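What follows is a short report on a single structure.
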There are 2 protein chains.
Amino acid sequence: MTNLRLPGPTPVPDDVVEAMSRPMIDHRGVAFKEMLLRMTDNLKRAFATDNSVYLLSSSGTGSMEAAVVNTLSRWDRVLAVSIGNFGDRFSRIAKTYGADVVDLKFDEGEAAPPEAVREALAADPSITAVLVTHNETSTGITNDLEAIAKVVKGEFDKLLLVDAISSLGSIRLLTDEWGLDVVASASQKGWACPPGVAMISFSERAWAAYERSDLPKFYFDLGEADRYLKLGQNPWTPAVSVFYGMDHALMKMLDKGDMRETWEFHARIAQYTRDALTGLGLRLVAKDQKHASNTVTAAWLPEGVTDAALLGMLRDEYDIIAAEGRGTLAGKVFRVGHMGHVTTEDIDAVTAALREALPKLGFAPAAVG
Amino acid sequence: MTNLRLPGPTPVPDDVVEAMSRPMIDHRGVAFKEMLLRMTDNLKRAFATDNSVYLLSSSGTGSMEAAVVNTLSRWDRVLAVSIGNFGDRFSRIAKTYGADVVDLKFDEGEAAPPEAVREALAADPSITAVLVTHNETSTGITNDLEAIAKVVKGEFDKLLLVDAISSLGSIRLLTDEWGLDVVASASQKGWACPPGVAMISFSERAWAAYERSDLPKFYFDLGEADRYLKLGQNPWTPAVSVFYGMDHALMKMLDKGDMRETWEFHARIAQYTRDALTGLGLRLVAKDQKHASNTVTAAWLPEGVTDAALLGMLRDEYDIIAAEGRGTLAGKVFRVGHMGHVTTEDIDAVTAALREALPKLGFAPAAVG
């Protein structure tokens, strides 16, 4: 079996595959209704929220678009905090729909300092909403969302939209305790399901913004999603088989009582991965390990080693799929995913393969590796 | 096994389920690229087109939205031909995004007469685009798209956007021969796959409209889809497992050489269904059988028989899932789907169940049934 070490899609466990193989049902019938309501309840527990939660049939980018078009209006002044490729994408979506975006960008490998968010909000009182990425997979950095939320909500009381696509399910996130208005995630990340379903939570404050919003929306209109959820349905035909998988994955995840055990597992395996890579003499993109992501580790490619050569060798000789760099880091880094379904054996296999592969490509791993 | 007789989702054959169970892969890697390019080629054959074809991770409604936002501009004058619920939806999407829509609506059970489209276009030369539903599942009617296209393209040379969601794969449609600019479909209809993937073809003329279009788009931006297709990728993470199913279904379907055999099969089984229902003394919604759909048959509920009672009895006592009415036909009709995966035995089971169920609900089926 291929060792799929991407920051999503993650390997899908056999029991989830089996759940997905169940026969089609009427997505407007009683069996679907029962499943949808159970999933919605379980998602509220996983998001740690009493806010509304909706399931969309799209990738995570669809839930980012839903966050934007359901809360913003044309010319709304919006602060977009970006620490990489996916933060830039969130900003681009808001600009595409006509928001007046103030970009607050940080260097590769850095987390957004909460005090920089404070300064930006203090400098421009016309800002009404803040967009932030919880976990930036392009650099392997997790923002201190709790601290940023304290500034955005506690000090300035702005609308806070969070891309938690690659964190939720693996990294601690408390929607209500931190006051997050909109939180977006997707099935192929921490949930260890195939891609095709996105999830989004929406606060009372977000609904108030929805009422004012003048951005056009149809497929991603959460007002429609809400109206149909009351009937136990989705407005449009849902990706039923992926819903089956998510329903099963959620039940399994929450069977442990809460998400704490899952978060702790991912913290441990992430540290294990970082130790393994630095042990080989590789340098992590994360400048400060306290901001390093618990779902993906990004390392600089050693001088003279191309990503095509390294990732190709891992793939062809070791059946390991690691990820290349994205955006400005393309060609400079490689990434090892450890979100969702992962074991220490999976990471050991990557380490062993790198220890063999890197010398063949002209880089000598550290003796301590 | 439940006899799922909906106008989508259809039952999914075992070999498609098996194909969907394959392990996750890198959606930016070589294996996905190979599959995506094969699917795109096969879809061109199924759509009978040399136009670009894209796969979207969404329901069919997403592909309708993609048709609108990628070709229209604010205040574009658009003719929306509607013969039911899904025609109304296409119109609503265009209005939502700011098009100036002229509605051309026809009564339940009627197809849109091509001469009415001609009159509407002649009366208002400012119209730039026409929206039309090929097959309207809410009423069980198929428009004569070939004749309508002759008017729209041949006589007036307007942009023609077609919702072929519930026809393509089961009902004859020739994109290039008829000059259709945009054609939208979805995986859970004629393709007998689970929902979650939509397909859309886009002509050179549609690309010219794209260049002028000022409607905001991100998730459904076909410019991005095109840019990434050149890399063998989707711009956003695709619903990989549903792609597996569609890839397999397409290969199976086209293994017969072309679509002709599939179209003829559905024409036969539709006639068989209509004969069975009218044989029971039921009245079809289709006023003229020559417009009756080959993918779904809608019949009026006999007086005194509610859809809740009839559909509930079919479900609970016969394990048959038929569909209720939608929109203005809610509570007045019931519908039997025969798109995608269906056998004469499936239809016989419905007929036998109706013959038993209807008398229990106070309606005596015709003796000839």
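Identifiers in the structure tokens: chain A, B, ... in order shown; residue index from 1 per chain; ligand index from 1 in order shown.
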
Distance table requested - chain B against chain A, cut-off 7 Å, only C-alpha atoms: one row per qualifying residue with the closest atom pair and its distance in Å to one decimal, ordered by chain and rising residue number, as JSON lines.
```
{"residue": "B:Pro9", "atom": "CA", "partner": "A:Met24", "partner_atom": "CA", "distance": 6.8}
{"residue": "B:Pro11", "atom": "CA", "partner": "A:Met24", "partner_atom": "CA", "distance": 5.8}
{"residue": "B:Val12", "atom": "CA", "partner": "A:Met24", "partner_atom": "CA", "distance": 6.8}
{"residue": "B:Val17", "atom": "CA", "partner": "A:Ser21", "partner_atom": "CA", "distance": 5.9}
{"residue": "B:Ser21", "atom": "CA", "partner": "A:Val17", "partner_atom": "CA", "distance": 5.9}
{"residue": "B:Pro23", "atom": "CA", "partner": "A:Pro11", "partner_atom": "CA", "distance": 7.0}
{"residue": "B:Met24", "atom": "CA", "partner": "A:Pro11", "partner_atom": "CA", "distance": 5.8}
{"residue": "B:Ser57", "atom": "CA", "partner": "A:Ser58", "partner_atom": "CA", "distance": 5.4}
{"residue": "B:Ser58", "atom": "CA", "partner": "A:Ser58", "partner_atom": "CA", "distance": 5.2}
{"residue": "B:Ser59", "atom": "CA", "partner": "A:Thr237", "partner_atom": "CA", "distance": 5.8}
{"residue": "B:Thr61", "atom": "CA", "partner": "A:Trp236", "partner_atom": "CA", "distance": 6.6}
{"residue": "B:Gly62", "atom": "CA", "partner": "A:Tyr219", "partner_atom": "CA", "distance": 5.9}
{"residue": "B:Ile93", "atom": "CA", "partner": "A:Phe218", "partner_atom": "CA", "distance": 6.4}
{"residue": "B:Thr96", "atom": "CA", "partner": "A:Pro216", "partner_atom": "CA", "distance": 5.9}
{"residue": "B:Tyr97", "atom": "CA", "partner": "A:Pro216", "partner_atom": "CA", "distance": 5.5}
{"residue": "B:Pro194", "atom": "CA", "partner": "A:Ser241", "partner_atom": "CA", "distance": 6.4}
{"residue": "B:Pro195", "atom": "CA", "partner": "A:Ala239", "partner_atom": "CA", "distance": 4.7}
{"residue": "B:Gly196", "atom": "CA", "partner": "A:Ala239", "partner_atom": "CA", "distance": 4.2}
{"residue": "B:Pro216", "atom": "CA", "partner": "A:Tyr97", "partner_atom": "CA", "distance": 5.5}
{"residue": "B:Lys217", "atom": "CA", "partner": "A:Thr96", "partner_atom": "CA", "distance": 6.9}
{"residue": "B:Phe218", "atom": "CA", "partner": "A:Ile93", "partner_atom": "CA", "distance": 6.4}
{"residue": "B:Tyr219", "atom": "CA", "partner": "A:Gly62", "partner_atom": "CA", "distance": 5.9}
{"residue": "B:Trp236", "atom": "CA", "partner": "A:Ser59", "partner_atom": "CA", "distance": 6.6}
{"residue": "B:Thr237", "atom": "CA", "partner": "A:Ser59", "partner_atom": "CA", "distance": 5.8}
{"residue": "B:Pro238", "atom": "CA", "partner": "A:Pro195", "partner_atom": "CA", "distance": 6.4}
{"residue": "B:Ala239", "atom": "CA", "partner": "A:Gly196", "partner_atom": "CA", "distance": 4.2}
{"residue": "B:Val240", "atom": "CA", "partner": "A:Pro195", "partner_atom": "CA", "distance": 6.3}
{"residue": "B:Ser241", "atom": "CA", "partner": "A:Pro194", "partner_atom": "CA", "distance": 6.4}
```

Generate a file of the selected residues that holds N, CA and C atoms, formatted as a short mmCIF file (atom, residue, chain, number, x, y, z; two decimals), in the first residue's frame.
```
data_model
loop_
_atom_site.label_atom_id
_atom_site.label_comp_id
_atom_site.auth_asym_id
_atom_site.auth_seq_id
_atom_site.Cartn_x
_atom_site.Cartn_y
_atom_site.Cartn_z
N PRO B 9 -30.24 10.40 -7.28
CA PRO B 9 -29.22 9.43 -7.66
C PRO B 9 -29.83 8.11 -8.13
N PRO B 11 -29.23 3.82 -8.79
CA PRO B 11 -28.40 2.78 -8.16
C PRO B 11 -27.01 2.80 -8.79
N VAL B 12 -26.02 2.45 -7.99
CA VAL B 12 -24.64 2.42 -8.51
C VAL B 12 -24.24 0.96 -8.66
N VAL B 17 -18.86 0.79 -7.66
CA VAL B 17 -18.57 0.87 -6.22
C VAL B 17 -17.15 0.37 -5.97
N SER B 21 -13.54 2.31 -4.54
CA SER B 21 -12.89 1.88 -3.30
C SER B 21 -11.38 1.90 -3.41
N PRO B 23 -7.53 3.07 -3.36
CA PRO B 23 -6.89 3.97 -2.40
C PRO B 23 -6.75 5.39 -2.94
N MET B 24 -6.70 6.34 -2.03
CA MET B 24 -6.48 7.74 -2.41
C MET B 24 -5.14 7.89 -3.12
N SER B 57 -16.02 19.49 -8.86
CA SER B 57 -16.46 18.73 -7.69
C SER B 57 -17.62 19.47 -7.05
N SER B 58 -18.82 19.11 -7.49
CA SER B 58 -20.05 19.75 -7.01
C SER B 58 -21.22 18.94 -7.51
N SER B 59 -22.42 19.32 -7.12
CA SER B 59 -23.61 18.72 -7.71
C SER B 59 -23.87 19.38 -9.06
N THR B 61 -26.15 21.42 -9.87
CA THR B 61 -26.47 22.84 -9.71
C THR B 61 -25.20 23.69 -9.79
N GLY B 62 -24.10 23.14 -9.32
CA GLY B 62 -22.82 23.83 -9.44
C GLY B 62 -22.43 24.04 -10.90
N ILE B 93 -30.64 31.38 -10.98
CA ILE B 93 -29.18 31.54 -10.87
C ILE B 93 -28.75 32.78 -11.66
N THR B 96 -29.82 35.87 -9.84
CA THR B 96 -28.99 36.06 -8.64
C THR B 96 -27.70 36.78 -8.97
N TYR B 97 -27.12 36.47 -10.14
CA TYR B 97 -25.84 37.07 -10.52
C TYR B 97 -26.02 38.37 -11.32
N PRO B 194 -22.28 7.80 -8.03
CA PRO B 194 -22.78 8.61 -6.91
C PRO B 194 -22.66 10.10 -7.26
N PRO B 195 -23.45 10.92 -6.62
CA PRO B 195 -23.33 12.37 -6.84
C PRO B 195 -22.01 12.92 -6.28
N GLY B 196 -21.62 14.10 -6.76
CA GLY B 196 -20.42 14.75 -6.24
C GLY B 196 -19.52 15.32 -7.33
N PRO B 216 -18.50 37.78 -10.82
CA PRO B 216 -17.46 37.23 -9.94
C PRO B 216 -17.52 35.71 -9.93
N LYS B 217 -16.36 35.06 -9.93
CA LYS B 217 -16.30 33.60 -9.88
C LYS B 217 -14.97 33.19 -9.32
N PHE B 218 -14.97 32.16 -8.57
CA PHE B 218 -13.70 31.62 -8.05
C PHE B 218 -13.74 30.10 -8.11
N TYR B 219 -14.55 29.49 -7.24
CA TYR B 219 -14.60 28.01 -7.22
C TYR B 219 -15.00 27.47 -8.58
N TRP B 236 -8.83 22.93 -7.64
CA TRP B 236 -9.07 22.63 -6.22
C TRP B 236 -9.10 21.10 -6.05
N THR B 237 -8.93 20.64 -4.84
CA THR B 237 -8.90 19.19 -4.61
C THR B 237 -10.17 18.53 -5.13
N PRO B 238 -10.05 17.61 -6.08
CA PRO B 238 -11.23 16.96 -6.65
C PRO B 238 -11.77 15.85 -5.75
N ALA B 239 -13.03 15.50 -5.95
CA ALA B 239 -13.68 14.40 -5.22
C ALA B 239 -13.16 13.08 -5.79
N VAL B 240 -11.93 12.71 -5.40
CA VAL B 240 -11.19 11.62 -6.05
C VAL B 240 -12.00 10.33 -6.17
N SER B 241 -12.68 9.90 -5.12
CA SER B 241 -13.37 8.61 -5.19
C SER B 241 -14.51 8.64 -6.21
#
```

DSSP-assigned strand (DSSP E or B) among region 32-170 of chain A, expressed as a CSV table (one decimal) with N, CA and C atoms, in the first residue's frame:
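To be explicit, this is the file written out as states_36.csv:
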```csv
chain,number,residue,atom,x,y,z
A,52,SER,N,-24.6,27.1,14.0
A,52,SER,CA,-25.1,26.2,12.9
A,52,SER,C,-23.8,25.6,12.2
A,53,VAL,N,-24.0,24.4,11.7
A,53,VAL,CA,-22.9,23.8,10.9
A,53,VAL,C,-23.6,23.2,9.7
A,54,TYR,N,-23.0,23.4,8.5
A,54,TYR,CA,-23.5,22.9,7.2
A,54,TYR,C,-22.5,22.1,6.5
A,55,LEU,N,-23.0,21.1,5.7
A,55,LEU,CA,-22.2,20.3,4.9
A,55,LEU,C,-22.4,20.7,3.4
A,56,LEU,N,-21.3,21.0,2.8
A,56,LEU,CA,-21.4,21.4,1.3
A,56,LEU,C,-20.7,20.3,0.5
A,77,ARG,N,-14.4,46.6,3.9
A,77,ARG,CA,-13.0,46.6,4.2
A,77,ARG,C,-12.6,45.4,5.1
A,78,VAL,N,-11.7,44.6,4.5
A,78,VAL,CA,-11.4,43.3,5.1
A,78,VAL,C,-9.9,43.2,5.3
A,79,LEU,N,-9.5,42.7,6.5
A,79,LEU,CA,-8.1,42.4,6.8
A,79,LEU,C,-7.8,40.9,6.5
A,80,ALA,N,-6.9,40.6,5.5
A,80,ALA,CA,-6.6,39.3,5.2
A,80,ALA,C,-5.2,38.9,5.7
A,81,VAL,N,-5.1,38.1,6.7
A,81,VAL,CA,-3.9,37.7,7.3
A,81,VAL,C,-3.3,36.5,6.6
A,82,SER,N,-2.2,36.6,6.0
A,82,SER,CA,-1.7,35.5,5.2
A,82,SER,C,-0.2,35.1,5.6
A,100,ASP,N,-12.9,45.1,-0.3
A,100,ASP,CA,-11.7,46.0,-0.3
A,100,ASP,C,-10.7,45.5,0.7
A,101,VAL,N,-9.8,44.7,0.2
A,101,VAL,CA,-8.9,43.9,1.1
A,101,VAL,C,-7.6,44.5,1.5
A,102,VAL,N,-7.3,44.6,2.8
A,102,VAL,CA,-6.0,45.0,3.3
A,102,VAL,C,-5.2,43.7,3.5
A,103,ASP,N,-4.1,43.5,2.8
A,103,ASP,CA,-3.3,42.3,3.0
A,103,ASP,C,-2.3,42.5,4.1
A,104,LEU,N,-2.3,41.6,5.0
A,104,LEU,CA,-1.3,41.6,6.1
A,104,LEU,C,-0.5,40.3,5.9
A,105,LYS,N,0.7,40.4,5.3
A,105,LYS,CA,1.4,39.2,4.9
A,105,LYS,C,2.7,39.0,5.7
A,127,ILE,N,-12.1,48.6,9.0
A,127,ILE,CA,-12.1,47.2,8.8
A,127,ILE,C,-13.2,46.5,9.5
A,128,THR,N,-14.0,45.7,8.8
A,128,THR,CA,-15.2,45.1,9.4
A,128,THR,C,-15.0,43.6,9.7
A,129,ALA,N,-14.1,43.0,8.9
A,129,ALA,CA,-13.9,41.5,9.0
A,129,ALA,C,-12.5,41.1,8.9
A,130,VAL,N,-12.1,40.0,9.5
A,130,VAL,CA,-10.7,39.5,9.4
A,130,VAL,C,-10.7,38.0,8.8
A,131,LEU,N,-9.9,37.8,7.8
A,131,LEU,CA,-9.7,36.4,7.3
A,131,LEU,C,-8.4,35.9,7.8
A,132,VAL,N,-8.4,34.7,8.3
A,132,VAL,CA,-7.2,34.1,8.8
A,132,VAL,C,-7.2,32.6,8.5
A,133,THR,N,-6.0,32.1,8.2
A,133,THR,CA,-5.7,30.6,8.0
A,133,THR,C,-5.3,30.1,9.4
A,135,ASN,N,-4.2,26.8,9.9
A,135,ASN,CA,-3.0,26.0,9.6
A,135,ASN,C,-2.6,26.1,8.1
A,136,GLU,N,-1.4,26.7,7.9
A,136,GLU,CA,-1.0,26.9,6.5
A,136,GLU,C,-0.2,25.7,6.0
A,141,ILE,N,3.0,25.7,9.0
A,141,ILE,CA,2.9,26.6,10.1
A,141,ILE,C,1.4,26.7,10.6
A,142,THR,N,1.3,26.7,12.0
A,142,THR,CA,0.0,26.9,12.6
A,142,THR,C,-0.1,28.2,13.3
A,159,LEU,N,-15.8,40.7,12.7
A,159,LEU,CA,-16.2,39.4,12.2
A,159,LEU,C,-14.9,38.6,11.9
A,160,LEU,N,-14.9,37.4,12.4
A,160,LEU,CA,-13.7,36.6,12.2
A,160,LEU,C,-14.0,35.3,11.4
A,161,LEU,N,-13.4,35.2,10.2
A,161,LEU,CA,-13.6,34.1,9.3
A,161,LEU,C,-12.3,33.2,9.2
A,162,VAL,N,-12.4,32.0,9.5
A,162,VAL,CA,-11.3,31.1,9.7
A,162,VAL,C,-11.2,30.0,8.7
A,163,ASP,N,-10.1,29.9,8.0
A,163,ASP,CA,-9.9,28.7,7.1
A,163,ASP,C,-9.2,27.7,8.1
```

Name the residues of region 195-350 of chain B that fall into alpha helix (DSSP H) according to DSSP on the backbone, using the chain letters and numbers of this document, as a VMD selection string.
-> chain B and resid 204 to 212 222 to 229 240 to 254 260 to 279 307 to 318 344 to 350

Let's have the selection written as an mmCIF file, in the first residue's frame, with C-alpha atoms.
```cif
data_model
loop_
_atom_site.group_PDB
_atom_site.id
_atom_site.type_symbol
_atom_site.label_atom_id
_atom_site.label_comp_id
_atom_site.auth_asym_id
_atom_site.auth_seq_id
_atom_site.Cartn_x
_atom_site.Cartn_y
_atom_site.Cartn_z
ATOM 1 C CA GLU B 204 -15.022 28.752 -28.452
ATOM 2 C CA ARG B 205 -18.003 31.113 -28.471
ATOM 3 C CA ALA B 206 -18.418 30.508 -24.734
ATOM 4 C CA TRP B 207 -14.736 31.393 -24.226
ATOM 5 C CA ALA B 208 -15.287 34.665 -26.066
ATOM 6 C CA ALA B 209 -18.153 35.383 -23.670
ATOM 7 C CA TYR B 210 -15.881 34.394 -20.767
ATOM 8 C CA GLU B 211 -13.382 37.043 -21.799
ATOM 9 C CA ARG B 212 -16.092 39.714 -21.576
ATOM 10 C CA LEU B 222 -13.502 27.693 -15.781
ATOM 11 C CA GLY B 223 -10.455 29.786 -16.677
ATOM 12 C CA GLU B 224 -8.753 28.246 -13.645
ATOM 13 C CA ALA B 225 -10.114 24.819 -14.595
ATOM 14 C CA ASP B 226 -8.592 25.215 -18.034
ATOM 15 C CA ARG B 227 -5.258 26.429 -16.725
ATOM 16 C CA TYR B 228 -4.977 23.410 -14.403
ATOM 17 C CA LEU B 229 -6.262 20.893 -16.953
ATOM 18 C CA VAL B 240 -11.187 11.620 -6.049
ATOM 19 C CA SER B 241 -13.373 8.609 -5.191
ATOM 20 C CA VAL B 242 -16.279 9.871 -7.293
ATOM 21 C CA PHE B 243 -13.786 10.554 -10.105
ATOM 22 C CA TYR B 244 -12.722 6.879 -9.852
ATOM 23 C CA GLY B 245 -16.355 5.859 -10.311
ATOM 24 C CA MET B 246 -16.945 8.212 -13.247
ATOM 25 C CA ASP B 247 -13.721 7.110 -14.932
ATOM 26 C CA HIS B 248 -14.829 3.485 -14.735
ATOM 27 C CA ALA B 249 -18.421 4.240 -15.791
ATOM 28 C CA LEU B 250 -17.251 6.240 -18.804
ATOM 29 C CA MET B 251 -14.918 3.501 -20.004
ATOM 30 C CA LYS B 252 -17.708 0.929 -19.665
ATOM 31 C CA MET B 253 -20.211 3.138 -21.460
ATOM 32 C CA LEU B 254 -17.921 3.959 -24.374
ATOM 33 C CA ARG B 260 -26.286 5.071 -29.572
ATOM 34 C CA GLU B 261 -27.017 1.719 -27.892
ATOM 35 C CA THR B 262 -27.428 3.396 -24.491
ATOM 36 C CA TRP B 263 -29.825 6.009 -25.891
ATOM 37 C CA GLU B 264 -31.903 3.315 -27.598
ATOM 38 C CA PHE B 265 -32.051 1.249 -24.430
ATOM 39 C CA HIS B 266 -33.400 4.215 -22.461
ATOM 40 C CA ALA B 267 -35.938 5.036 -25.161
ATOM 41 C CA ARG B 268 -37.229 1.458 -24.948
ATOM 42 C CA ILE B 269 -37.353 1.253 -21.157
ATOM 43 C CA ALA B 270 -39.068 4.653 -20.951
ATOM 44 C CA GLN B 271 -41.764 3.526 -23.359
ATOM 45 C CA TYR B 272 -42.097 0.336 -21.327
ATOM 46 C CA THR B 273 -42.582 2.407 -18.159
ATOM 47 C CA ARG B 274 -45.129 4.738 -19.737
ATOM 48 C CA ASP B 275 -47.101 1.785 -21.103
ATOM 49 C CA ALA B 276 -47.060 0.141 -17.687
ATOM 50 C CA LEU B 277 -48.298 3.258 -15.848
ATOM 51 C CA THR B 278 -50.999 4.178 -18.356
ATOM 52 C CA GLY B 279 -51.936 0.490 -18.408
ATOM 53 C CA ASP B 307 -47.895 11.116 -2.301
ATOM 54 C CA ALA B 308 -47.023 10.490 1.346
ATOM 55 C CA ALA B 309 -49.341 7.459 1.416
ATOM 56 C CA LEU B 310 -48.327 6.070 -1.968
ATOM 57 C CA LEU B 311 -44.571 6.662 -1.713
ATOM 58 C CA GLY B 312 -44.577 5.519 1.929
ATOM 59 C CA MET B 313 -46.335 2.262 1.009
ATOM 60 C CA LEU B 314 -43.977 1.641 -1.932
ATOM 61 C CA ARG B 315 -41.041 2.238 0.390
ATOM 62 C CA ASP B 316 -42.209 0.331 3.470
ATOM 63 C CA GLU B 317 -43.970 -2.610 1.835
ATOM 64 C CA TYR B 318 -42.118 -3.027 -1.458
ATOM 65 C CA THR B 344 -37.045 -4.068 -17.113
ATOM 66 C CA GLU B 345 -37.280 -6.135 -13.905
ATOM 67 C CA ASP B 346 -36.897 -2.905 -11.899
ATOM 68 C CA ILE B 347 -39.848 -1.402 -13.778
ATOM 69 C CA ASP B 348 -41.908 -4.620 -13.518
ATOM 70 C CA ALA B 349 -41.441 -4.500 -9.742
ATOM 71 C CA VAL B 350 -42.780 -0.936 -9.652
#
```

Expressed in Å to a single decimal, how great is the separation between CA of Val152 (chain B) and CA of Gly109 (chain B)?
-> 22.5 Å

Could you check how far CA of Leu284 (chain A) sits from CA of Gly190 (chain A), in Å to one decimal?
->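 We find that CA of Leu284 (chain A) and CA of Gly190 (chain A) lie 21.8 Å from each other.
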
Residue among B:Val182, B:Lys256, B:Gly281, B:Ser201 lying closest to Asp41 (chain B), counting only C-alpha atoms |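 Closest to Asp41 (chain B), using only C-alpha atoms: B:Ser201.
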
Two-atom distance - CA of Leu180 (chain B), CA of Phe47 (chain B) (Å) | 10.2 Å
